[in-house]
Amino acid sequence: MIDQTELRACSGDDLPGLKDLYAKAFPDEDLFPVVKELSGGDFPVLSIVATHAGEIVGHVAFTTCEVSPDGGEVSLLAPLCAAPRLHRQGIGSALVREGFKQLNEVGLSQVLVLGDPAYYSRFGFRPDDRIEPPYKLPDAWSEAWQSVQLRPDSAQTSGKLLVPPPWDSKALWAP
Ligand SMILES: CC(C)(COP(=O)(O)OP(=O)(O)OC[C@H]1O[C@@H](n2cnc3c(N)ncnc32)[C@H](O)[C@@H]1OP(=O)(O)O)[C@@H](O)C(=O)NCCC(=O)NCCS
């Protein structure tokens with residue numbers, strides 16, 4: 001990751017910086033309302049920011065979700081972004097890897113993501129057909145629904161993913 005970039009836990013004070021970051025990173029999609037809801041809910045979210053010279057230049061959130069009827073807990077990685085002017089400098093990867101480390105420390109061993117396999121496969125993500133997403137995905141997205149086991153010895157969960165309110169919207173699971 002580029003020099004003088006730091007990773008730290010996200011706080012409510014970061015919302016203005018996150019609003020700017022998301023406007024730049026996702027010019028065609030408004031994900032900030034979800035980011036805001038994730039920061040103020042009464043459900044577990046691991047939210048990490050990357051800062052550079054005092055500015056927020058990257059963010060990732062991992063939401064803990066239950067898998068029904070198994071009752072197992074998994075983590076949903078979303079969203080993830082880095083400031084466009086600093087792309088390809090390792091910020092996205094550093095955020096994902098830091099998240100994996102912290103999730104592992106609290107015993108969460110499976111992470112799901114809906115995203116481009118060309119990017120997420122570098123972290124070990126592979127298409128997942130055991131956990132059903134909260135809303136049916138278009139067929140063209142079947143490869144985009146992926147998971148990774150953070151510990152090779154952990155049991156794989158199967159069932160339907162139950163998501164907390166910020167993610168419980170069909171629009172977030174459709175093109
Ligand atoms: C995806 C994103 C977070 C990557 O952040 P980053 O800090 O540039 O990532 P890193 O520097 O760790 O990794 C860069 C590598 O990922 C690749 N990459 C980035 N986006 C990619 C994509 N959609 N598909 C394939 N590869 C991708 C780059 O080409 C680069 O490859 P290289 O290592 O071979 O040079 C960033 O491009 C971004 O914010 N994009 C807009 C928001 C977005 O699409 N978020 C993900 C979906 S929620």
# chains A, B, ... in the order shown; residues from 1 in each chain; ligands from 1
call {"tool": "closest_atom_pairs", "arguments": {"of": "chain A", "to": "ligand 1", "cutoff": "7 Å", "atoms": "only C-alpha atoms and all ligand atoms", "output": "Markdown table"}}
result
| residue | atom | partner | partner_atom_place_in_ligand_line | distance |
| --- | --- | --- | --- | --- |
| A:Ala25 | CA | ligand 1 | 41 (C) | 4.9 |
| A:Phe26 | CA | ligand 1 | 42 (C) | 5.7 |
| A:Ala78 | CA | ligand 1 | 48 (S) | 5.6 |
| A:Pro79 | CA | ligand 1 | 48 (S) | 4.4 |
| A:Leu80 | CA | ligand 1 | 48 (S) | 4.6 |
| A:Cys81 | CA | ligand 1 | 39 (O) | 3.2 |
| A:Ala82 | CA | ligand 1 | 39 (O) | 3.9 |
| A:Ala83 | CA | ligand 1 | 39 (O) | 6.2 |
| A:Pro84 | CA | ligand 1 | 39 (O) | 6.5 |
| A:Leu86 | CA | ligand 1 | 7 (O) | 6.7 |
| A:His87 | CA | ligand 1 | 8 (O) | 3.4 |
| A:Arg88 | CA | ligand 1 | 11 (O) | 3.2 |
| A:Gln89 | CA | ligand 1 | 11 (O) | 4.1 |
| A:Gly90 | CA | ligand 1 | 11 (O) | 3.2 |
| A:Ile91 | CA | ligand 1 | 7 (O) | 3.8 |
| A:Gly92 | CA | ligand 1 | 7 (O) | 3.6 |
| A:Ser93 | CA | ligand 1 | 12 (O) | 3.6 |
| A:Ala94 | CA | ligand 1 | 12 (O) | 6.4 |
| A:Gly115 | CA | ligand 1 | 47 (C) | 5.6 |
| A:Asp116 | CA | ligand 1 | 23 (N) | 5.5 |
| A:Ala118 | CA | ligand 1 | 25 (C) | 4.3 |
| A:Tyr119 | CA | ligand 1 | 25 (C) | 4.0 |
call {"tool": "select_by_dssp", "arguments": {"residues": "segment 74-168 of chain A", "states": "strand (DSSP E or B)", "output": "VMD selection string"}}
result
chain A and resid 74 to 82 110 to 114 126 to 127 131 to 132 145 to 149 159 to 162
call {"tool": "closest_residue", "arguments": {"among": "A:Arg85, A:Ala23, A:Leu76, A:Pro117", "to": "His52 of chain A", "atoms": "only C-alpha atoms"}}
result
A:Arg85
call {"tool": "residues_around", "arguments": {"residues": "Ser158 of chain A", "least_positions_apart": "2", "cutoff": "8 Å", "atoms": "only C-alpha atoms", "output": "number ranges by chain"}}
result
A: 67-68, 70, 130-132, 156, 160
call {"tool": "closest_atom_pairs", "arguments": {"of": "segment 67-172 of chain A", "to": "segment 35-42 of chain A", "cutoff": "9 Å", "atoms": "only C-alpha atoms", "output": "Markdown table"}}
result
| residue | atom | partner | partner_atom | distance |
| --- | --- | --- | --- | --- |
| A:Pro79 | CA | A:Val35 | CA | 7.8 |
| A:Pro164 | CA | A:Gly41 | CA | 8.8 |
| A:Pro165 | CA | A:Glu37 | CA | 8.5 |
| A:Pro166 | CA | A:Glu37 | CA | 6.0 |
| A:Trp167 | CA | A:Leu38 | CA | 8.9 |
call {"tool": "residues_around", "arguments": {"residues": "Leu108 of chain A", "least_positions_apart": "3", "cutoff": "9 Å", "atoms": "only C-alpha atoms", "output": "ChimeraX atom specification"}}
result
/A:64,73-75,100,102-105,111,150
call {"tool": "closest_residue", "arguments": {"among": "A:Ser109, A:Ser154, A:Pro175, A:Leu161", "to": "Trp141 of chain A", "atoms": "only C-alpha atoms"}}
result
A:Pro175
call {"tool": "closest_residue", "arguments": {"among": "A:Ser142, A:Gln149, A:Ser47, A:Ser169", "to": "Ala61 of chain A", "atoms": "only C-alpha atoms"}}
result
A:Ser47
call {"tool": "closest_residue", "arguments": {"among": "A:Pro127, A:Gly12, A:Gly159, A:Gly58", "to": "Ser147 of chain A", "atoms": "only C-alpha atoms"}}
result
A:Pro127
call {"tool": "residues_around", "arguments": {"residues": "Leu46 of chain A", "least_positions_apart": "2", "cutoff": "7 Å", "atoms": "only C-alpha atoms", "output": "number ranges by chain"}}
result
A: 44, 48, 61-63
call {"tool": "write_last_selection", "arguments": {"atoms": "N, CA, C and O atoms", "output": "PDB file, in the first residue's frame"}}
result
ATOM      1  N   PRO A  44     -23.900  -6.380  13.988  1.00  0.00           N
ATOM      2  CA  PRO A  44     -22.438  -6.296  13.923  1.00  0.00           C
ATOM      3  C   PRO A  44     -21.902  -6.001  12.518  1.00  0.00           C
ATOM      4  O   PRO A  44     -22.223  -6.722  11.562  1.00  0.00           O
ATOM      5  N   ILE A  48     -13.878  -0.541   8.116  1.00  0.00           N
ATOM      6  CA  ILE A  48     -12.478  -0.091   8.182  1.00  0.00           C
ATOM      7  C   ILE A  48     -12.262   0.987   7.125  1.00  0.00           C
ATOM      8  O   ILE A  48     -12.724   0.851   5.982  1.00  0.00           O
ATOM      9  N   ALA A  61     -16.666  -2.604   4.350  1.00  0.00           N
ATOM     10  CA  ALA A  61     -17.527  -3.038   5.459  1.00  0.00           C
ATOM     11  C   ALA A  61     -17.760  -4.543   5.321  1.00  0.00           C
ATOM     12  O   ALA A  61     -17.862  -5.080   4.205  1.00  0.00           O
ATOM     13  N   PHE A  62     -17.826  -5.187   6.472  1.00  0.00           N
ATOM     14  CA  PHE A  62     -18.146  -6.619   6.553  1.00  0.00           C
ATOM     15  C   PHE A  62     -19.315  -6.741   7.536  1.00  0.00           C
ATOM     16  O   PHE A  62     -19.167  -6.388   8.714  1.00  0.00           O
ATOM     17  N   THR A  63     -20.450  -7.215   7.060  1.00  0.00           N
ATOM     18  CA  THR A  63     -21.633  -7.330   7.910  1.00  0.00           C
ATOM     19  C   THR A  63     -21.828  -8.782   8.318  1.00  0.00           C
ATOM     20  O   THR A  63     -21.844  -9.684   7.451  1.00  0.00           O
TER      21      THR A  63
END
call {"tool": "atom_distance", "arguments": {"atom1": "atom CA of Leu172 of chain A", "atom2": "atom CA of Phe125 of chain A"}}
result
20.2 Å
call {"tool": "closest_residue", "arguments": {"among": "A:Leu77, A:Val96, A:Cys65, A:Cys10", "to": "Thr51 of chain A", "atoms": "only C-alpha atoms"}}
result
A:Cys10
call {"tool": "atom_distance", "arguments": {"atom1": "atom CA of Val148 of chain A", "atom2": "atom CA of Arg126 of chain A"}}
result
6.5 Å
call {"tool": "atom_distance", "arguments": {"atom1": "atom CA of Pro16 of chain A", "atom2": "atom CA of His59 of chain A"}}
result
12.8 Å
